[in-house]
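For reference, query-v8.pdb is printed below; it contains PDB, C-alpha atoms.
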MODEL        1
ATOM      1  CA  MET A  95      77.218 164.938 220.613  1.00  0.00           C
ATOM      2  CA  ILE A  96      76.421 162.472 217.841  1.00  0.00           C
ATOM      3  CA  ASP A  97      74.486 160.369 220.339  1.00  0.00           C
ATOM      4  CA  LEU A  98      72.693 163.302 221.967  1.00  0.00           C
ATOM      5  CA  GLU A  99      69.278 162.134 220.860  1.00  0.00           C
ATOM      6  CA  ARG A 100      69.986 158.540 221.841  1.00  0.00           C
ATOM      7  CA  LYS A 101      70.914 159.650 225.337  1.00  0.00           C
ATOM      8  CA  LEU A 102      67.796 161.780 225.551  1.00  0.00           C
ATOM      9  CA  ARG A 103      65.637 158.890 224.404  1.00  0.00           C
ATOM     10  CA  ARG A 104      67.180 156.568 226.995  1.00  0.00           C
ATOM     11  CA  ALA A 105      66.708 159.111 229.726  1.00  0.00           C
ATOM     12  CA  ALA A 106      63.127 159.776 228.736  1.00  0.00           C
ATOM     13  CA  SER A 107      62.370 156.069 228.409  1.00  0.00           C
ATOM     14  CA  ARG A 108      63.039 155.618 232.099  1.00  0.00           C
ATOM     15  CA  SER A 109      59.776 157.401 232.666  1.00  0.00           C
ATOM     16  CA  ARG A 110      56.584 155.457 231.997  1.00  0.00           C
ATOM     17  CA  GLY A 111      55.708 155.297 228.301  1.00  0.00           C
ATOM     18  CA  GLY A 112      59.008 156.690 226.997  1.00  0.00           C
ATOM     19  CA  PRO A 113      59.566 160.021 225.273  1.00  0.00           C
ATOM     20  CA  SER A 114      56.698 161.629 223.434  1.00  0.00           C
ATOM     21  CA  ALA A 115      57.091 163.142 219.977  1.00  0.00           C
ATOM     22  CA  ALA A 116      56.385 166.543 221.484  1.00  0.00           C
ATOM     23  CA  ALA A 117      59.139 166.064 224.063  1.00  0.00           C
ATOM     24  CA  LEU A 118      61.670 165.132 221.390  1.00  0.00           C
ATOM     25  CA  ASP A 119      60.606 168.075 219.244  1.00  0.00           C
ATOM     26  CA  GLY A 120      61.162 170.297 222.251  1.00  0.00           C
ATOM     27  CA  VAL A 121      64.632 168.861 222.739  1.00  0.00           C
ATOM     28  CA  ARG A 122      65.483 169.524 219.109  1.00  0.00           C
ATOM     29  CA  ALA A 123      64.187 173.072 219.272  1.00  0.00           C
ATOM     30  CA  ARG A 124      66.133 173.800 222.433  1.00  0.00           C
ATOM     31  CA  ALA A 125      69.317 172.279 221.019  1.00  0.00           C
ATOM     32  CA  GLY A 126      68.943 174.506 217.976  1.00  0.00           C
ATOM     33  CA  ARG A 127      68.325 177.651 220.027  1.00  0.00           C
ATOM     34  CA  GLU A 128      71.346 176.981 222.212  1.00  0.00           C
ATOM     35  CA  GLY A 129      73.649 176.336 219.262  1.00  0.00           C
ATOM     36  CA  LEU A 130      74.296 172.718 220.207  1.00  0.00           C
ATOM     37  CA  VAL A 131      73.721 171.293 216.714  1.00  0.00           C
ATOM     38  CA  ASP A 132      76.006 171.812 213.726  1.00  0.00           C
ATOM     39  CA  VAL A 133      74.449 169.176 211.472  1.00  0.00           C
ATOM     40  CA  ALA A 134      70.762 168.242 211.268  1.00  0.00           C
ATOM     41  CA  TYR A 135      69.669 165.138 209.408  1.00  0.00           C
ATOM     42  CA  ALA A 136      66.427 163.437 208.437  1.00  0.00           C
ATOM     43  CA  HIS A 137      64.950 161.198 205.758  1.00  0.00           C
ATOM     44  CA  ALA A 138      63.207 162.357 202.604  1.00  0.00           C
ATOM     45  CA  ASP A 139      60.766 160.345 200.508  1.00  0.00           C
ATOM     46  CA  SER A 140      61.704 159.613 196.911  1.00  0.00           C
ATOM     47  CA  PRO A 141      60.792 157.171 194.115  1.00  0.00           C
ATOM     48  CA  PHE A 142      63.968 155.301 195.110  1.00  0.00           C
ATOM     49  CA  GLY A 143      63.046 154.933 198.768  1.00  0.00           C
ATOM     50  CA  PRO A 144      63.968 157.081 201.778  1.00  0.00           C
ATOM     51  CA  LEU A 145      66.958 159.349 201.150  1.00  0.00           C
ATOM     52  CA  THR A 146      69.177 160.449 204.018  1.00  0.00           C
ATOM     53  CA  VAL A 147      69.679 164.210 203.920  1.00  0.00           C
ATOM     54  CA  ALA A 148      71.798 166.407 206.181  1.00  0.00           C
ATOM     55  CA  THR A 149      72.232 170.148 206.342  1.00  0.00           C
ATOM     56  CA  THR A 150      74.392 172.696 208.142  1.00  0.00           C
ATOM     57  CA  GLU A 151      74.322 176.472 208.417  1.00  0.00           C
ATOM     58  CA  ARG A 152      76.283 176.534 205.147  1.00  0.00           C
ATOM     59  CA  GLY A 153      73.804 174.417 203.237  1.00  0.00           C
ATOM     60  CA  LEU A 154      72.993 170.882 202.137  1.00  0.00           C
ATOM     61  CA  ALA A 155      75.930 168.638 202.989  1.00  0.00           C
ATOM     62  CA  LEU A 156      74.640 165.129 202.303  1.00  0.00           C
ATOM     63  CA  LEU A 157      72.052 163.308 200.232  1.00  0.00           C
ATOM     64  CA  ALA A 158      72.396 159.541 200.213  1.00  0.00           C
ATOM     65  CA  TYR A 159      70.478 156.675 198.642  1.00  0.00           C
ATOM     66  CA  PRO A 160      68.673 154.137 200.886  1.00  0.00           C
ATOM     67  CA  GLU A 161      71.242 151.334 200.712  1.00  0.00           C
ATOM     68  CA  LEU A 162      73.926 153.404 202.422  1.00  0.00           C
ATOM     69  CA  PRO A 163      73.913 152.623 206.185  1.00  0.00           C
ATOM     70  CA  LEU A 164      72.926 155.551 208.374  1.00  0.00           C
ATOM     71  CA  ASP A 165      75.664 154.846 210.912  1.00  0.00           C
ATOM     72  CA  ASP A 166      78.313 154.977 208.185  1.00  0.00           C
ATOM     73  CA  LEU A 167      76.927 158.234 206.831  1.00  0.00           C
ATOM     74  CA  LEU A 168      76.845 159.849 210.259  1.00  0.00           C
ATOM     75  CA  ALA A 169      80.372 158.650 211.011  1.00  0.00           C
ATOM     76  CA  ARG A 170      81.539 160.431 207.865  1.00  0.00           C
ATOM     77  CA  VAL A 171      79.704 163.597 208.870  1.00  0.00           C
ATOM     78  CA  VAL A 172      81.261 163.463 212.332  1.00  0.00           C
ATOM     79  CA  ALA A 173      84.766 162.946 210.948  1.00  0.00           C
ATOM     80  CA  GLN A 174      84.605 165.630 208.270  1.00  0.00           C
ATOM     81  CA  ILE A 175      82.198 168.268 209.593  1.00  0.00           C
ATOM     82  CA  SER A 176      81.287 168.045 213.275  1.00  0.00           C
ATOM     83  CA  PRO A 177      80.252 165.581 216.004  1.00  0.00           C
ATOM     84  CA  ARG A 178      77.368 167.907 216.940  1.00  0.00           C
ATOM     85  CA  VAL A 179      74.743 166.013 214.921  1.00  0.00           C
ATOM     86  CA  LEU A 180      71.047 165.581 215.649  1.00  0.00           C
ATOM     87  CA  GLU A 181      68.058 164.161 213.805  1.00  0.00           C
ATOM     88  CA  ASP A 182      65.779 167.155 213.194  1.00  0.00           C
ATOM     89  CA  PRO A 183      63.214 166.667 210.400  1.00  0.00           C
ATOM     90  CA  ALA A 184      61.824 170.197 210.703  1.00  0.00           C
ATOM     91  CA  ARG A 185      65.151 171.735 209.716  1.00  0.00           C
ATOM     92  CA  LEU A 186      65.168 169.579 206.584  1.00  0.00           C
ATOM     93  CA  ASP A 187      61.669 170.618 205.454  1.00  0.00           C
ATOM     94  CA  PRO A 188      62.962 172.986 202.719  1.00  0.00           C
ATOM     95  CA  VAL A 189      65.146 170.222 201.283  1.00  0.00           C
ATOM     96  CA  ARG A 190      62.362 167.672 201.361  1.00  0.00           C
ATOM     97  CA  ARG A 191      59.914 170.115 199.781  1.00  0.00           C
ATOM     98  CA  GLU A 192      62.241 170.860 196.848  1.00  0.00           C
ATOM     99  CA  LEU A 193      62.936 167.161 196.328  1.00  0.00           C
ATOM    100  CA  ASP A 194      59.194 166.427 196.296  1.00  0.00           C
ATOM    101  CA  GLU A 195      58.686 169.137 193.677  1.00  0.00           C
ATOM    102  CA  TYR A 196      61.556 167.820 191.571  1.00  0.00           C
ATOM    103  CA  PHE A 197      60.313 164.238 191.544  1.00  0.00           C
ATOM    104  CA  ALA A 198      56.799 165.470 190.731  1.00  0.00           C
ATOM    105  CA  GLY A 199      58.165 167.345 187.696  1.00  0.00           C
ATOM    106  CA  ARG A 200      57.382 170.776 189.125  1.00  0.00           C
ATOM    107  CA  ARG A 201      60.973 171.895 189.761  1.00  0.00           C
ATOM    108  CA  ARG A 202      63.836 172.192 187.268  1.00  0.00           C
ATOM    109  CA  GLY A 203      66.446 173.710 189.561  1.00  0.00           C
ATOM    110  CA  PHE A 204      67.241 173.568 193.265  1.00  0.00           C
ATOM    111  CA  ASP A 205      67.538 176.698 195.383  1.00  0.00           C
ATOM    112  CA  LEU A 206      69.586 174.978 198.066  1.00  0.00           C
ATOM    113  CA  PRO A 207      73.060 176.241 199.014  1.00  0.00           C
ATOM    114  CA  ILE A 208      75.677 173.487 199.203  1.00  0.00           C
ATOM    115  CA  ASP A 209      78.097 172.758 202.031  1.00  0.00           C
ATOM    116  CA  TRP A 210      81.051 171.184 200.184  1.00  0.00           C
ATOM    117  CA  ARG A 211      82.943 169.865 203.225  1.00  0.00           C
ATOM    118  CA  LEU A 212      82.282 166.199 202.398  1.00  0.00           C
ATOM    119  CA  VAL A 213      83.969 166.618 199.002  1.00  0.00           C
ATOM    120  CA  ARG A 214      87.548 165.370 198.920  1.00  0.00           C
ATOM    121  CA  GLY A 215      90.138 167.123 196.784  1.00  0.00           C
ATOM    122  CA  GLY A 216      90.214 170.482 195.076  1.00  0.00           C
ATOM    123  CA  PHE A 217      89.754 169.072 191.557  1.00  0.00           C
ATOM    124  CA  TYR A 218      86.815 166.949 192.702  1.00  0.00           C
ATOM    125  CA  ARG A 219      85.130 170.068 194.021  1.00  0.00           C
ATOM    126  CA  ALA A 220      85.810 171.875 190.721  1.00  0.00           C
ATOM    127  CA  VAL A 221      84.225 168.919 188.907  1.00  0.00           C
ATOM    128  CA  LEU A 222      81.124 169.033 191.076  1.00  0.00           C
ATOM    129  CA  GLU A 223      80.811 172.804 190.820  1.00  0.00           C
ATOM    130  CA  ALA A 224      80.943 172.432 187.025  1.00  0.00           C
ATOM    131  CA  THR A 225      78.388 169.643 187.217  1.00  0.00           C
ATOM    132  CA  ALA A 226      76.063 171.835 189.262  1.00  0.00           C
ATOM    133  CA  THR A 227      75.780 174.236 186.301  1.00  0.00           C
ATOM    134  CA  ILE A 228      74.460 171.636 183.809  1.00  0.00           C
ATOM    135  CA  PRO A 229      70.908 172.716 182.932  1.00  0.00           C
ATOM    136  CA  TYR A 230      67.893 170.541 183.598  1.00  0.00           C
ATOM    137  CA  GLY A 231      67.308 168.144 180.710  1.00  0.00           C
ATOM    138  CA  ASP A 232      70.830 168.559 179.297  1.00  0.00           C
ATOM    139  CA  THR A 233      73.978 166.451 179.609  1.00  0.00           C
ATOM    140  CA  LEU A 234      77.739 166.927 179.355  1.00  0.00           C
ATOM    141  CA  THR A 235      80.424 164.310 178.814  1.00  0.00           C
ATOM    142  CA  TYR A 236      83.063 163.553 181.415  1.00  0.00           C
ATOM    143  CA  ARG A 237      85.605 165.208 179.115  1.00  0.00           C
ATOM    144  CA  GLU A 238      83.526 168.383 178.913  1.00  0.00           C
ATOM    145  CA  VAL A 239      83.180 168.471 182.680  1.00  0.00           C
ATOM    146  CA  ALA A 240      86.933 167.917 183.091  1.00  0.00           C
ATOM    147  CA  GLU A 241      87.564 170.843 180.745  1.00  0.00           C
ATOM    148  CA  ARG A 242      85.200 173.096 182.676  1.00  0.00           C
ATOM    149  CA  ALA A 243      86.927 172.031 185.895  1.00  0.00           C
ATOM    150  CA  GLY A 244      90.269 173.157 184.491  1.00  0.00           C
ATOM    151  CA  ASN A 245      91.955 170.013 183.140  1.00  0.00           C
ATOM    152  CA  VAL A 246      90.569 168.555 179.928  1.00  0.00           C
ATOM    153  CA  LYS A 247      92.922 165.562 180.204  1.00  0.00           C
ATOM    154  CA  ALA A 248      91.633 164.510 183.617  1.00  0.00           C
ATOM    155  CA  VAL A 249      88.639 162.575 182.307  1.00  0.00           C
ATOM    156  CA  ARG A 250      89.073 159.678 184.722  1.00  0.00           C
ATOM    157  CA  ALA A 251      89.422 162.090 187.649  1.00  0.00           C
ATOM    158  CA  ALA A 252      86.233 163.803 186.512  1.00  0.00           C
ATOM    159  CA  GLY A 253      84.496 160.446 186.763  1.00  0.00           C
ATOM    160  CA  GLY A 254      85.952 160.002 190.240  1.00  0.00           C
ATOM    161  CA  GLY A 255      84.673 163.408 191.252  1.00  0.00           C
ATOM    162  CA  CYS A 256      81.182 162.574 190.063  1.00  0.00           C
ATOM    163  CA  GLY A 257      81.360 159.225 191.829  1.00  0.00           C
ATOM    164  CA  SER A 258      82.262 160.911 195.115  1.00  0.00           C
ATOM    165  CA  ASN A 259      79.373 163.385 194.944  1.00  0.00           C
ATOM    166  CA  PRO A 260      77.894 163.688 198.479  1.00  0.00           C
ATOM    167  CA  VAL A 261      74.724 165.411 197.208  1.00  0.00           C
ATOM    168  CA  PRO A 262      73.544 163.574 194.078  1.00  0.00           C
ATOM    169  CA  ILE A 263      70.361 164.749 192.366  1.00  0.00           C
ATOM    170  CA  VAL A 264      70.821 168.281 193.735  1.00  0.00           C
ATOM    171  CA  VAL A 265      74.317 168.388 192.224  1.00  0.00           C
ATOM    172  CA  PRO A 266      73.243 166.490 189.107  1.00  0.00           C
ATOM    173  CA  CYS A 267      76.068 164.063 188.352  1.00  0.00           C
ATOM    174  CA  HIS A 268      73.440 161.934 186.579  1.00  0.00           C
ATOM    175  CA  ARG A 269      73.701 164.530 183.777  1.00  0.00           C
ATOM    176  CA  VAL A 270      77.317 163.560 183.074  1.00  0.00           C
ATOM    177  CA  VAL A 271      77.612 160.845 180.440  1.00  0.00           C
ATOM    178  CA  ALA A 272      80.301 159.034 178.490  1.00  0.00           C
ATOM    179  CA  THR A 273      81.628 160.302 175.189  1.00  0.00           C
ATOM    180  CA  GLY A 274      79.773 158.542 172.396  1.00  0.00           C
ATOM    181  CA  GLY A 275      76.433 158.462 174.169  1.00  0.00           C
ATOM    182  CA  GLY A 276      76.922 155.790 176.840  1.00  0.00           C
ATOM    183  CA  LEU A 277      75.664 156.422 180.335  1.00  0.00           C
ATOM    184  CA  GLY A 278      79.045 155.999 182.028  1.00  0.00           C
ATOM    185  CA  GLY A 279      78.800 155.297 185.752  1.00  0.00           C
ATOM    186  CA  TYR A 280      76.653 156.549 188.601  1.00  0.00           C
ATOM    187  CA  THR A 281      77.009 156.341 192.353  1.00  0.00           C
ATOM    188  CA  GLY A 282      73.336 155.402 192.697  1.00  0.00           C
ATOM    189  CA  GLY A 283      73.418 152.760 189.962  1.00  0.00           C
ATOM    190  CA  LEU A 284      72.687 153.033 186.256  1.00  0.00           C
ATOM    191  CA  GLU A 285      68.968 152.302 186.581  1.00  0.00           C
ATOM    192  CA  ARG A 286      68.534 155.360 188.779  1.00  0.00           C
ATOM    193  CA  LYS A 287      70.591 157.415 186.331  1.00  0.00           C
ATOM    194  CA  ARG A 288      68.298 156.323 183.501  1.00  0.00           C
ATOM    195  CA  ARG A 289      65.196 157.195 185.508  1.00  0.00           C
ATOM    196  CA  LEU A 290      66.471 160.645 186.465  1.00  0.00           C
ATOM    197  CA  LEU A 291      67.446 161.460 182.885  1.00  0.00           C
ATOM    198  CA  ALA A 292      64.095 160.159 181.603  1.00  0.00           C
ATOM    199  CA  LEU A 293      62.229 162.290 184.146  1.00  0.00           C
ATOM    200  CA  GLU A 294      64.080 165.431 183.126  1.00  0.00           C
ATOM    201  CA  ARG A 295      63.837 164.829 179.387  1.00  0.00           C
ATOM    202  CA  ALA A 296      60.107 164.182 179.605  1.00  0.00           C
ATOM    203  CA  GLU A 297      59.519 167.350 181.622  1.00  0.00           C
ATOM    204  CA  ALA A 298      61.883 169.448 179.502  1.00  0.00           C
ATOM    205  CA  VAL A 299      59.966 168.449 176.371  1.00  0.00           C
ATOM    206  CA  GLY A 300      56.650 168.943 178.110  1.00  0.00           C
TER     207      GLY A 300
ENDMDL
END
Using structure tokens, write down the structure from this file.
Amino acid sequence: MIDLERKLRRAASRSRGGPSAAALDGVRARAGREGLVDVAYAHADSPFGPLTVATTERGLALLAYPELPLDDLLARVVAQISPRVLEDPARLDPVRRELDEYFAGRRRGFDLPIDWRLVRGGFYRAVLEATATIPYGDTLTYREVAERAGNVKAVRAAGGGCGSNPVPIVVPCHRVVATGGGLGGYTGGLERKRRLLALERAEAVG
């Protein structure tokens, strides 16, 4: 099912001119109506380049920075959620709209439910659920997040949980910093962490 759209494109390309956008949109709509798709994915514009985003009936499952290969991301989705995956930009419109508003400084919180199935480990999920509660413009230390997740001594594991976050930005692991004021780490790189924190601090003050 992961290669459903590829097969459809190949089949349609046998006809003169290949598949039209309207034909592919029709395929996506029909697949959705018939319950053939468990995971829809698309790309979303951002100041960092195109983000890969994927959603299920449970909620947003994946948000990945541009350098992560699409094939690797989809292989992870297939292994951990479902092989019934299809590119369907229309189903990701709510996600893309909220991201646009966030980057434009018009949104301080996301209204997107989260599908946690790409999170590994119970403590990692507790870490990310604690991280999701950090208010816009604020930060917590890794120790504080570990405490909120139920084990104040598991500071390193809290860092691992943040580093494994499958939906950065929406679950704001960039708001978790080192004790003493250092940035700590970030799955998207420290420059992106700085930019996200600067965006939020500027808007929070404004």
* **the PyMOL selection byres ((chain A and resi 236-245) around 9) resolved against shown file, as number ranges by chain** => A: 217-225, 234-235, 246-253, 256, 270-273, 278
Can you write out as JSON lines which residues of region 158-193 of chain A fall within 9 Å of region 139-152 of chain A, alongside each residue's closest atom pair and its distance in Å to one decimal, counting all atoms listed in the file and ordering rows by chain and ascending residue number?
{"residue": "A:Ala158", "atom": "CA", "partner": "A:Thr146", "partner_atom": "CA", "distance": 5.1}
{"residue": "A:Tyr159", "atom": "CA", "partner": "A:Leu145", "partner_atom": "CA", "distance": 5.1}
{"residue": "A:Pro160", "atom": "CA", "partner": "A:Leu145", "partner_atom": "CA", "distance": 5.5}
{"residue": "A:Leu162", "atom": "CA", "partner": "A:Thr146", "partner_atom": "CA", "distance": 8.6}
{"residue": "A:Leu164", "atom": "CA", "partner": "A:Thr146", "partner_atom": "CA", "distance": 7.6}
{"residue": "A:Leu167", "atom": "CA", "partner": "A:Thr146", "partner_atom": "CA", "distance": 8.5}
{"residue": "A:Val171", "atom": "CA", "partner": "A:Ala148", "partner_atom": "CA", "distance": 8.8}
{"residue": "A:Glu181", "atom": "CA", "partner": "A:Ala148", "partner_atom": "CA", "distance": 8.8}
{"residue": "A:Arg185", "atom": "CA", "partner": "A:Thr149", "partner_atom": "CA", "distance": 8.0}
{"residue": "A:Leu186", "atom": "CA", "partner": "A:Thr149", "partner_atom": "CA", "distance": 7.1}
{"residue": "A:Val189", "atom": "CA", "partner": "A:Val147", "partner_atom": "CA", "distance": 8.0}
{"residue": "A:Arg190", "atom": "CA", "partner": "A:Asp139", "partner_atom": "CA", "distance": 7.5}
{"residue": "A:Leu193", "atom": "CA", "partner": "A:Ser140", "partner_atom": "CA", "distance": 7.7}
* Separation of CA of Asp194 (chain A) from CA of Leu157 (chain A), in Å and rounded to one decimal -> 13.8 Å
* Evaluate the PyMOL selection byres ((chain A and resi 262-266) around 7) on the structure here and hand back the selected residues as an MDAnalysis selection string. => chainID A and resid 157 204 222 225:226 259:261 267:269
* Asked: Which polymer residues have any atom within 9 Å of an atom of Ala184 (chain A), counting all atoms listed in the file, with same-chain residues fewer than 2 positions away left out, as a PyMOL selection string?
  -> chain A and resi 119+136+182+186-188
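Interatomic distance, CA of His137 (chain A) against CA of Asp166 (chain A): 14.9 Å.
The shortest atom-to-atom distance to Ala296 (chain A), with all atoms listed in the file taken into account, belongs to A:Gly199 out of A:Thr227, A:Gly255, A:Gly199, A:Tyr280.
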* Asked: Between CA of Leu156 (chain A) and CA of Ile175 (chain A), what is the distance, to one decimal in Å?
  -> 11.0 Å
* Using all atoms listed in the file, collect all residues at a distance of at most 7 Å from (75.7, 165.8, 214.2) as written in the file, then present them as a list in words. => Met95, Ile96, Val131, Asp132, Val133, Ala134, Val172, Ser176, Pro177, Arg178, Val179 and Leu180 of chain A
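Closest approach to Pro229 (chain A) among A:Gly254, A:Arg202, A:Leu154, A:Gln174 is made by A:Arg202 (distances from only C-alpha atoms).
Counting all atoms listed in the file, the residue from A:Thr233, A:Arg191, A:Ile228, A:Ala169 that sits nearest to Leu212 (chain A) is A:Ala169.
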